[in-house]
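Okay, my_file-v7.tsv is below, TSV, C-alpha atoms:
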```tsv
chain	number	residue	atom	x	y	z
A	1189	MET	CA	105.36	19.91	44.67
A	1190	ARG	CA	108.75	18.51	45.71
A	1191	LEU	CA	109.12	16.98	42.26
A	1192	ILE	CA	108.38	20.30	40.57
A	1193	LYS	CA	110.93	22.04	42.79
A	1194	LYS	CA	113.60	19.47	41.90
A	1195	LEU	CA	112.91	19.88	38.20
A	1196	TRP	CA	113.14	23.64	38.50
A	1197	LEU	CA	116.48	23.41	40.34
A	1198	SER	CA	117.83	20.96	37.74
A	1199	MET	CA	116.75	23.22	34.91
A	1200	LYS	CA	118.30	26.26	36.64
A	1201	THR	CA	121.60	24.39	37.18
A	1202	PHE	CA	121.67	23.30	33.57
A	1203	THR	CA	120.99	26.84	32.38
A	1204	ASP	CA	123.75	28.25	34.60
A	1205	LYS	CA	126.26	25.76	33.24
A	1206	ARG	CA	125.33	26.55	29.67
A	1207	ARG	CA	125.53	30.27	30.37
A	1208	ASN	CA	129.03	29.84	31.86
A	1209	ALA	CA	130.07	27.76	28.90
A	1210	SER	CA	128.80	30.40	26.56
A	1211	SER	CA	130.65	33.19	28.38
A	1212	ASP	CA	133.87	31.15	28.29
A	1213	GLY	CA	133.95	31.06	24.53
A	1214	GLY	CA	130.65	29.74	23.32
A	1215	ASN	CA	128.85	31.35	20.46
A	1216	SER	CA	125.29	32.26	19.56
A	1217	GLY	CA	124.85	29.01	17.65
A	1218	PHE	CA	125.25	27.03	20.81
A	1219	LYS	CA	122.61	29.19	22.51
A	1220	MET	CA	120.19	28.46	19.68
A	1221	LYS	CA	120.71	24.72	20.22
A	1222	GLN	CA	119.60	25.18	23.84
A	1223	LEU	CA	116.14	26.40	22.89
A	1224	PRO	CA	114.58	23.05	21.81
A	1225	PHE	CA	115.83	21.37	24.97
A	1226	MET	CA	114.50	24.20	27.14
A	1227	GLY	CA	111.16	23.94	25.37
A	1228	VAL	CA	110.95	20.23	26.23
A	1229	ILE	CA	111.80	20.94	29.89
A	1230	CYS	CA	109.11	23.65	30.12
A	1231	SER	CA	106.51	21.42	28.48
A	1232	VAL	CA	107.25	18.55	30.89
A	1233	THR	CA	107.10	20.91	33.87
A	1234	LEU	CA	103.79	22.40	32.78
A	1235	TYR	CA	102.34	18.91	32.24
A	1236	ILE	CA	103.40	17.82	35.73
A	1237	VAL	CA	101.89	20.94	37.26
A	1238	TYR	CA	98.64	20.33	35.36
A	1239	ARG	CA	98.40	16.67	36.43
A	1240	THR	CA	99.22	17.51	40.05
A	1241	THR	CA	96.60	20.26	40.19
A	1242	ASN	CA	94.02	18.06	38.49
A	1243	TYR	CA	94.71	15.21	40.93
A	1244	GLN	CA	94.37	17.50	43.94
A	1245	TYR	CA	91.05	18.78	42.57
A	1246	TYR	CA	89.83	15.21	42.09
A	1247	GLU	CA	90.81	14.27	45.63
A	1248	THR	CA	88.96	17.30	46.99
A	1249	GLN	CA	85.83	16.41	45.04
A	1250	MET	CA	85.91	12.78	46.23
A	1251	GLU	CA	86.38	13.88	49.84
A	1252	THR	CA	83.39	16.19	49.53
A	1253	LYS	CA	81.23	13.37	48.16
A	1254	LEU	CA	82.31	10.91	50.84
A	1255	HIS	CA	81.93	13.42	53.68
A	1256	PRO	CA	79.40	15.98	52.50
A	1257	PHE	CA	78.88	17.47	55.94
A	1258	ASP	CA	82.50	18.11	56.87
A	1259	SER	CA	82.60	21.58	55.38
A	1260	VAL	CA	80.39	24.48	56.35
A	1261	GLU	CA	79.23	26.96	53.73
A	1262	ASP	CA	78.18	30.47	54.66
A	1263	ASN	CA	74.62	29.83	53.56
A	1264	GLU	CA	74.44	26.78	55.85
A	1265	LEU	CA	75.13	28.79	59.00
A	1266	PRO	CA	71.84	29.35	60.85
A	1267	SER	CA	71.26	33.08	61.02
A	1268	GLY	CA	74.98	33.73	61.35
A	1269	LYS	CA	75.05	32.32	64.89
A	1270	LEU	CA	78.02	30.08	64.15
A	1271	LYS	CA	80.12	32.93	62.82
A	1272	ASP	CA	81.43	33.39	66.35
A	1273	LEU	CA	83.51	30.24	65.87
A	1274	PRO	CA	86.54	29.87	63.59
A	1275	ARG	CA	85.59	27.73	60.62
A	1276	GLY	CA	88.32	25.15	61.16
A	1277	ILE	CA	87.09	24.15	64.65
A	1278	MET	CA	83.53	23.35	63.56
A	1279	HIS	CA	82.60	19.68	63.14
A	1280	THR	CA	79.35	19.40	61.23
A	1281	ARG	CA	79.03	15.60	61.38
A	1282	SER	CA	78.46	13.06	64.10
A	1283	ASP	CA	77.75	9.34	64.38
A	1284	LEU	CA	76.63	6.69	66.84
A	1285	GLU	CA	80.01	5.06	67.42
A	1286	LEU	CA	81.17	4.40	70.98
A	1287	ARG	CA	84.36	6.21	72.01
A	1288	PRO	CA	86.77	5.22	74.82
A	1289	GLN	CA	87.10	7.57	77.79
A	1290	TRP	CA	90.84	6.94	77.99
A	1291	ARG	CA	93.69	5.35	76.03
A	1292	LYS	CA	96.64	3.25	77.08
A	1293	SER	CA	99.03	5.80	75.62
A	1294	LEU	CA	98.16	9.49	75.56
A	1295	ARG	CA	100.45	9.95	72.56
A	1296	SER	CA	98.75	7.29	70.47
A	1297	ALA	CA	96.21	8.44	67.96
A	1298	VAL	CA	92.57	7.63	68.51
A	1299	LYS	CA	91.59	4.94	66.05
A	1300	VAL	CA	87.89	4.16	66.17
A	1301	LYS	CA	86.55	1.77	63.58
A	1302	THR	CA	83.51	3.36	62.00
A	1303	ASN	CA	80.93	0.87	60.85
A	1304	LYS	CA	79.33	1.52	57.49
A	1305	ASN	CA	75.78	0.38	58.28
A	1306	LEU	CA	73.28	0.77	61.10
A	1307	LEU	CA	70.61	-1.47	62.63
A	1308	ALA	CA	68.00	0.21	64.85
A	1309	MET	CA	65.23	-1.73	66.61
A	1310	PRO	CA	62.55	-1.10	69.24
A	1311	VAL	CA	62.91	-3.85	71.84
A	1312	GLY	CA	61.24	-5.20	74.95
A	1313	ILE	CA	62.64	-7.72	77.38
A	1314	LYS	CA	59.99	-10.28	76.40
A	1315	GLN	CA	61.49	-10.49	72.92
A	1316	LYS	CA	65.07	-10.77	74.16
A	1317	GLU	CA	65.71	-14.14	72.52
A	1318	HIS	CA	64.52	-12.98	69.09
A	1319	VAL	CA	66.49	-9.75	69.32
A	1320	ASP	CA	69.62	-11.66	70.31
A	1321	ASP	CA	69.35	-13.78	67.17
A	1322	VAL	CA	68.98	-10.70	64.98
A	1323	VAL	CA	71.82	-8.73	66.57
A	1324	LYS	CA	74.25	-11.65	66.34
A	1325	LYS	CA	73.64	-11.82	62.60
A	1326	PHE	CA	74.32	-8.12	62.15
A	1327	ARG	CA	77.31	-8.00	64.51
A	1328	THR	CA	79.20	-10.43	62.30
A	1329	GLU	CA	78.88	-7.86	59.49
A	1330	ASN	CA	80.18	-5.00	61.70
A	1331	PHE	CA	76.90	-3.10	62.00
A	1332	THR	CA	76.37	-0.39	64.56
A	1333	ILE	CA	73.49	-1.52	66.79
A	1334	VAL	CA	70.97	0.85	68.35
A	1335	LEU	CA	68.24	-0.54	70.61
A	1336	PHE	CA	65.18	1.50	71.56
A	1337	HIS	CA	63.89	0.15	74.87
A	1338	TYR	CA	60.19	0.90	75.09
A	1339	ASP	CA	59.70	-1.00	78.36
A	1340	GLY	CA	62.61	0.60	80.27
A	1341	LYS	CA	64.09	-2.78	81.25
A	1342	VAL	CA	67.68	-2.33	80.10
A	1343	ASP	CA	69.35	-4.20	82.98
A	1344	GLY	CA	67.97	-7.51	81.75
A	1345	TRP	CA	70.14	-7.39	78.63
A	1346	TRP	CA	73.62	-7.14	80.16
A	1347	ASP	CA	74.23	-10.90	80.18
A	1348	LEU	CA	74.46	-10.87	76.36
A	1349	ASP	CA	78.06	-10.61	75.17
A	1350	TRP	CA	77.30	-7.84	72.64
A	1351	CYS	CA	75.20	-5.68	74.94
A	1352	ASP	CA	77.95	-3.27	75.99
A	1353	LYS	CA	78.80	-2.68	72.33
A	1354	ALA	CA	75.29	-1.49	71.45
A	1355	ILE	CA	73.66	1.92	71.96
A	1356	HIS	CA	70.72	1.76	74.37
A	1357	ILE	CA	68.03	4.44	74.37
A	1358	VAL	CA	65.17	4.27	76.84
A	1359	ALA	CA	61.70	5.86	76.68
A	1360	HIS	CA	58.65	4.13	78.14
A	1361	ASN	CA	55.86	3.04	75.78
A	1362	GLN	CA	57.25	4.79	72.70
A	1363	THR	CA	57.14	3.45	69.16
A	1364	LYS	CA	59.82	2.80	66.56
A	1365	TRP	CA	58.91	5.91	64.59
A	1366	TRP	CA	58.93	8.08	67.72
A	1367	PHE	CA	62.48	6.93	68.48
A	1368	ALA	CA	63.62	7.25	64.86
A	1369	LYS	CA	62.36	10.81	64.52
A	1370	ARG	CA	64.23	11.92	67.64
A	1371	PHE	CA	67.44	9.90	67.58
A	1372	LEU	CA	68.17	9.06	63.93
A	1373	HIS	CA	68.38	12.53	62.45
A	1374	PRO	CA	69.96	12.35	58.96
A	1375	ASP	CA	72.96	14.43	60.05
A	1376	ILE	CA	73.65	11.99	62.91
A	1377	VAL	CA	73.49	8.88	60.72
A	1378	SER	CA	75.09	10.45	57.64
A	1379	THR	CA	78.21	8.30	58.02
A	1380	TYR	CA	76.23	5.10	57.46
A	1381	ASP	CA	75.56	3.77	53.97
A	1382	TYR	CA	72.38	1.89	54.93
A	1383	ILE	CA	69.93	2.16	57.80
A	1384	PHE	CA	67.93	-0.91	58.82
A	1385	LEU	CA	64.87	0.15	60.85
A	1386	TRP	CA	63.38	-3.17	61.92
A	1387	ASP	CA	60.74	-4.51	64.27
A	1388	GLU	CA	61.76	-6.97	66.96
A	1389	ASP	CA	59.57	-9.96	65.99
A	1390	LEU	CA	61.51	-11.07	62.92
A	1391	GLY	CA	63.14	-14.45	62.35
A	1392	VAL	CA	66.51	-14.29	60.58
A	1393	GLU	CA	67.44	-17.95	60.14
A	1394	HIS	CA	67.51	-17.50	56.36
A	1395	PHE	CA	68.91	-13.98	56.30
A	1396	ASN	CA	72.46	-12.70	55.89
A	1397	PRO	CA	72.99	-8.90	56.04
A	1398	GLY	CA	76.16	-8.98	53.94
A	1399	ARG	CA	74.65	-10.94	51.08
A	1400	TYR	CA	71.51	-8.84	51.31
A	1401	LEU	CA	73.43	-5.60	50.79
A	1402	GLU	CA	75.36	-7.10	47.89
A	1403	ILE	CA	72.04	-7.57	46.08
A	1404	VAL	CA	70.80	-4.12	47.09
A	1405	LYS	CA	73.91	-2.44	45.71
A	1406	SER	CA	74.06	-4.47	42.51
A	1407	GLU	CA	70.40	-3.69	41.76
A	1408	GLY	CA	70.64	-0.01	42.68
A	1409	LEU	CA	67.91	-0.13	45.33
A	1410	GLU	CA	67.47	2.92	47.55
A	1411	ILE	CA	64.64	1.45	49.64
A	1412	SER	CA	64.16	-2.27	50.18
A	1413	GLN	CA	63.10	-5.02	52.55
A	1414	PRO	CA	63.75	-8.74	52.82
A	1415	ALA	CA	60.87	-10.87	51.57
A	1416	LEU	CA	58.62	-12.62	54.07
A	1417	ASP	CA	58.48	-16.38	54.37
A	1418	PRO	CA	55.04	-17.50	53.12
A	1419	ASN	CA	54.58	-19.31	56.45
A	1420	SER	CA	54.92	-16.07	58.44
A	1421	THR	CA	52.26	-15.48	61.06
A	1422	GLU	CA	51.32	-12.08	59.63
A	1423	ILE	CA	51.41	-10.98	55.99
A	1424	HIS	CA	49.60	-7.76	55.10
A	1425	HIS	CA	50.59	-7.20	51.46
A	1426	ARG	CA	51.08	-9.72	48.68
A	1427	ILE	CA	54.15	-7.94	47.34
A	1428	THR	CA	56.14	-8.77	50.50
A	1429	ILE	CA	55.79	-12.56	50.09
A	1430	ARG	CA	58.92	-14.39	49.01
A	1431	SER	CA	59.22	-15.73	45.47
A	1432	ARG	CA	61.26	-18.94	45.58
A	1433	MET	CA	62.49	-18.62	42.00
A	1434	LYS	CA	63.78	-15.06	42.03
A	1435	LYS	CA	66.60	-13.01	43.52
A	1436	LEU	CA	64.29	-10.05	44.07
A	1437	HIS	CA	61.08	-8.55	42.73
A	1438	ARG	CA	59.83	-5.00	42.30
A	1439	ARG	CA	56.12	-5.54	41.63
A	1440	VAL	CA	53.36	-8.08	42.10
A	1441	TYR	CA	50.36	-9.18	40.03
A	1442	GLU	CA	47.25	-10.13	41.95
A	1443	LEU	CA	43.58	-10.54	40.96
A	1444	ARG	CA	42.12	-11.52	44.31
A	1445	GLY	CA	41.26	-9.36	47.29
A	1446	LYS	CA	40.46	-5.66	47.61
A	1447	THR	CA	43.71	-4.52	46.00
A	1448	ARG	CA	44.10	-5.74	42.44
A	1449	CYS	CA	47.47	-5.48	40.78
A	1450	SER	CA	47.68	-5.85	37.01
A	1451	ASN	CA	50.26	-4.97	34.39
A	1452	ILE	CA	48.84	-1.43	34.25
A	1453	SER	CA	48.89	-0.92	38.02
A	1454	GLU	CA	51.35	1.77	39.08
A	1455	GLY	CA	52.51	2.46	42.60
A	1456	PRO	CA	51.92	0.95	46.03
A	1457	PRO	CA	51.13	-1.68	47.04
A	1458	CYS	CA	51.58	-3.22	43.58
A	1459	SER	CA	55.04	-1.72	42.93
A	1460	GLY	CA	57.45	0.71	44.54
A	1461	PHE	CA	56.42	-0.52	47.98
A	1462	VAL	CA	57.93	-1.90	51.19
A	1463	GLU	CA	56.19	-2.43	54.51
A	1464	GLY	CA	57.04	-0.64	57.74
A	1465	MET	CA	58.15	-3.72	59.68
A	1466	ALA	CA	61.60	-4.17	58.10
A	1467	PRO	CA	62.53	-1.30	55.77
A	1468	VAL	CA	66.12	-0.66	54.66
A	1469	PHE	CA	67.11	2.82	53.50
A	1470	SER	CA	70.13	4.19	51.71
A	1471	ARG	CA	71.63	7.33	53.22
A	1472	ALA	CA	69.90	9.58	50.70
A	1473	ALA	CA	66.56	7.79	51.00
A	1474	TRP	CA	66.64	8.04	54.79
A	1475	ARG	CA	67.24	11.79	54.66
A	1476	CYS	CA	63.98	12.07	52.74
A	1477	ALA	CA	62.07	9.48	54.81
A	1478	TRP	CA	63.03	11.13	58.10
A	1479	HIS	CA	61.32	14.32	56.95
A	1480	LEU	CA	58.25	12.29	56.00
A	1481	ILE	CA	57.87	11.01	59.58
A	1482	GLN	CA	55.37	13.21	61.38
A	1483	ASN	CA	56.65	14.27	64.79
A	1484	ASP	CA	53.27	13.81	66.52
A	1485	LEU	CA	52.03	10.73	64.61
A	1486	VAL	CA	53.97	8.01	66.35
A	1487	HIS	CA	52.60	4.84	64.75
A	1488	GLY	CA	53.69	5.64	61.21
A	1489	TRP	CA	50.52	4.37	59.55
A	1490	GLY	CA	50.25	5.52	55.94
A	1491	MET	CA	53.95	6.24	55.54
A	1492	ASP	CA	54.64	3.01	53.67
A	1493	MET	CA	52.39	4.16	50.83
A	1494	LYS	CA	54.49	7.31	50.40
A	1495	LEU	CA	58.02	5.99	50.92
A	1496	GLY	CA	58.41	5.58	47.16
A	1497	TYR	CA	58.68	9.36	46.91
A	1498	CYS	CA	62.02	9.00	48.72
A	1499	ALA	CA	63.42	6.46	46.25
A	1500	GLN	CA	65.70	9.05	44.58
A	1501	GLY	CA	64.03	8.55	41.23
A	1502	ASP	CA	61.73	5.94	39.73
A	1503	ARG	CA	60.18	4.00	42.61
A	1504	THR	CA	59.32	1.09	40.31
A	1505	LYS	CA	63.07	0.57	39.82
A	1506	ASN	CA	64.67	1.86	43.04
A	1507	VAL	CA	62.38	0.06	45.50
A	1508	GLY	CA	62.42	-3.72	45.79
A	1509	VAL	CA	61.85	-6.84	47.88
A	1510	ILE	CA	64.81	-9.23	48.22
A	1511	ASP	CA	63.74	-12.88	47.85
A	1512	ARG	CA	67.11	-14.57	48.19
A	1513	GLU	CA	67.60	-13.27	51.74
A	1514	TYR	CA	64.27	-13.53	53.54
A	1515	ILE	CA	62.83	-13.31	57.05
A	1516	VAL	CA	59.92	-14.67	59.05
A	1517	HIS	CA	57.39	-12.28	60.53
A	1518	LYS	CA	56.35	-13.82	63.83
A	1519	GLY	CA	53.54	-11.33	64.46
A	1520	ILE	CA	54.19	-11.15	68.20
A	1521	GLN	CA	52.11	-8.55	69.98
A	1522	THR	CA	54.18	-5.76	71.51
A	1523	LEU	CA	52.82	-2.21	71.24
A	1524	GLY	CA	49.43	-2.96	69.80
A	1525	GLY	CA	49.95	-5.59	67.12
A	1526	THR	CA	47.32	-8.11	66.15
A	1527	GLY	CA	46.49	-11.10	68.27
A	1528	GLU	CA	44.31	-11.19	71.34
A	1529	LEU	CA	42.79	-7.71	71.52
A	1530	THR	CA	43.21	-6.45	75.05
A	1531	LYS	CA	41.74	-3.15	76.20
A	1532	LYS	CA	45.12	-1.42	75.76
A	1533	THR	CA	45.61	-2.91	72.32
A	1534	LYS	CA	42.19	-1.72	71.15
A	1535	LYS	CA	43.06	1.83	72.22
A	1536	ILE	CA	46.36	1.70	70.34
A	1537	ARG	CA	44.67	0.36	67.21
A	1538	ARG	CA	42.09	3.12	67.41
A	1539	GLN	CA	44.87	5.72	67.76
A	1540	SER	CA	46.74	4.23	64.78
A	1541	THR	CA	43.62	4.39	62.61
A	1542	TRP	CA	43.07	8.03	63.58
A	1543	GLU	CA	46.72	8.84	62.78
A	1544	LEU	CA	46.33	7.24	59.34
A	1545	LYS	CA	43.40	9.55	58.65
A	1546	ILE	CA	45.37	12.60	59.80
A	1547	PHE	CA	48.42	11.63	57.73
A	1548	LYS	CA	46.32	11.31	54.57
A	1549	GLU	CA	44.71	14.69	55.21
A	1550	ARG	CA	48.10	16.34	55.75
A	1551	TRP	CA	49.50	14.85	52.56
A	1552	ASN	CA	46.54	15.99	50.48
A	1553	GLN	CA	46.66	19.45	52.03
A	1554	ALA	CA	50.41	19.74	51.42
A	1555	VAL	CA	49.95	18.82	47.76
A	1556	ILE	CA	47.30	21.55	47.36
A	1557	GLN	CA	49.32	24.23	49.14
A	1558	ASP	CA	52.67	23.62	47.41
A	1559	LYS	CA	52.05	25.12	43.98
A	1560	ASP	CA	55.64	24.43	42.89
A	1561	TRP	CA	55.54	20.70	43.67
A	1562	ILE	CA	54.94	18.35	40.76
A	1563	ASP	CA	53.95	14.78	41.54
A	1564	PRO	CA	56.59	12.55	39.91
A	1565	PHE	CA	54.14	9.63	40.00
A	1566	PRO	CA	50.79	10.81	38.62
A	1567	ARG	CA	48.05	8.23	38.85
A	1568	GLN	CA	47.86	7.52	35.17
A	1569	GLN	CA	46.00	4.28	35.66
A	1570	ARG	CA	42.96	6.17	36.91
A	1571	ARG	CA	42.78	8.12	33.68
A	1572	ARG	CA	42.84	4.97	31.63
A	1573	LYS	CA	39.58	3.28	30.77
A	1574	HIS	CA	41.08	-0.17	31.04
A	1575	LYS	CA	39.97	-1.06	27.52
A	1576	ARG	CA	42.57	-3.71	27.11
A	1577	GLN	CA	42.44	-6.85	29.23
A	1578	SER	CA	45.28	-7.24	31.71
A	1579	LYS	CA	47.59	-10.20	31.30
A	1580	PHE	CA	48.61	-12.09	34.42
A	1581	VAL	CA	51.79	-13.94	33.65
A	1582	ASP	CA	53.50	-14.36	37.00
A	1583	LEU	CA	52.99	-13.25	40.56
A	1584	TYR	CA	56.27	-11.33	40.49
A	1585	ASP	CA	58.30	-9.18	38.16
```

Would you mind writing the file out in structure tokens?
Amino acid sequence: MRLIKKLWLSMKTFTDKRRNASSDGGNSGFKMKQLPFMGVICSVTLYIVYRTTNYQYYETQMETKLHPFDSVEDNELPSGKLKDLPRGIMHTRSDLELRPQWRKSLRSAVKVKTNKNLLAMPVGIKQKEHVDDVVKKFRTENFTIVLFHYDGKVDGWWDLDWCDKAIHIVAHNQTKWWFAKRFLHPDIVSTYDYIFLWDEDLGVEHFNPGRYLEIVKSEGLEISQPALDPNSTEIHHRITIRSRMKKLHRRVYELRGKTRCSNISEGPPCSGFVEGMAPVFSRAAWRCAWHLIQNDLVHGWGMDMKLGYCAQGDRTKNVGVIDREYIVHKGIQTLGGTGELTKKTKKIRRQSTWELKIFKERWNQAVIQDKDWIDPFPRQQRRRKHKRQSKFVDLYD
């Protein structure tokens, strides 16, 4: 705007001088010579105004995309309750960054480094060593760390040098999905590009978060997980096993076992699938996945089969398993995992099985009731008669 003002003043000065010259003895011919020059000046001015306005519009659009929750539209105000506040004072976003209670200089601006990615884990003091290894890996990549303490023993962690830089949330005997539903609301974590929602019994000797995300971004994955070392203690699905020769894979071919995956198999667990132990979500995918978590079904069984619906498009392309950066699943019993089945563990397993049944029933009922919903992934393979013989070329694609 300053540039436009200067041009206008220059043009006005030039016009005044020419007008004075004309009144002092100029003629109409001289005035006619002014017109082409004035036309050029006007054209340049209009072009500058256009480019400035266009640039400001572009900046506004980019700001809206980067911070979609900064502005409040009238239709976003719940029942008009927020109309009692002036629009400019309302902050519609939050995050999980720690803020200092005081500053060295009251005049200095508050500069808090906002991390771009988030790691959230349920933890117990018995797995302290494993968790320490994981957190150290992620701290070097400037992740925000959130620990869900299901055993209530927070004091035992303070000897770790990163402990005071993490967020600690305590609730006795609660699961990862219970914590996630209550403390990782999409509006709270909207500032983070990726959300890692991991279990605590994972070995990360061969895993680097930075390199992992480079692959995720380059491949356009919305939901992913690191592959599992074949020597892991527990492996539940063939698709999660690491392929030594690939950077990543999106599907698996398998003839053996109850689940058979061929080149005509569509959907989980043959393609578009990650397991619940170490999922990684983009911001958009997490907003969808959070709504998929049932508030009262705390074990999350059955969710992994439906996460592909949150892949922001084709789940066979936007969901993948990263082979180059892989982890080891140690299969350590915490809140009812496999291993020696104690009385408590048997009860938890029974509850998980019941929750799986309820989740399936709710999904099927929701599909029936929502007449406007169209399944983006119809089970076409069931309608096929499998006349042609499947070809099994490789375990991974």

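Relative to atom CA of His1479 of chain A, atom CA of Gly1508 of chain A is found at 21.2 Å.
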
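Among the candidates A:Thr1332, A:Glu1388, A:Glu1285, A:Lys1446, the residue lying nearest to Gly1312 of chain A is A:Glu1388 (atoms considered: all atoms listed in the file).
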
Problem set entry | Nearest residue to Val1516 of chain A from the set A:Gly1391, A:Pro1564, A:Gly1344, A:Gly1455 (distances using only C-alpha atoms) | A:Gly1391

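If all atoms listed in the file are the atoms counted, then among A:Ile1403, A:Ile1452, A:Ile1423, A:Leu1284 the closest residue to Val1377 of chain A is A:Leu1284.
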
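Comparing the minimum interatomic distances between Pro1288 of chain A and each of A:His1337, A:Lys1353, A:Arg1327, A:Lys1369, counting only C-alpha atoms, we find that A:Lys1353 sits nearest.
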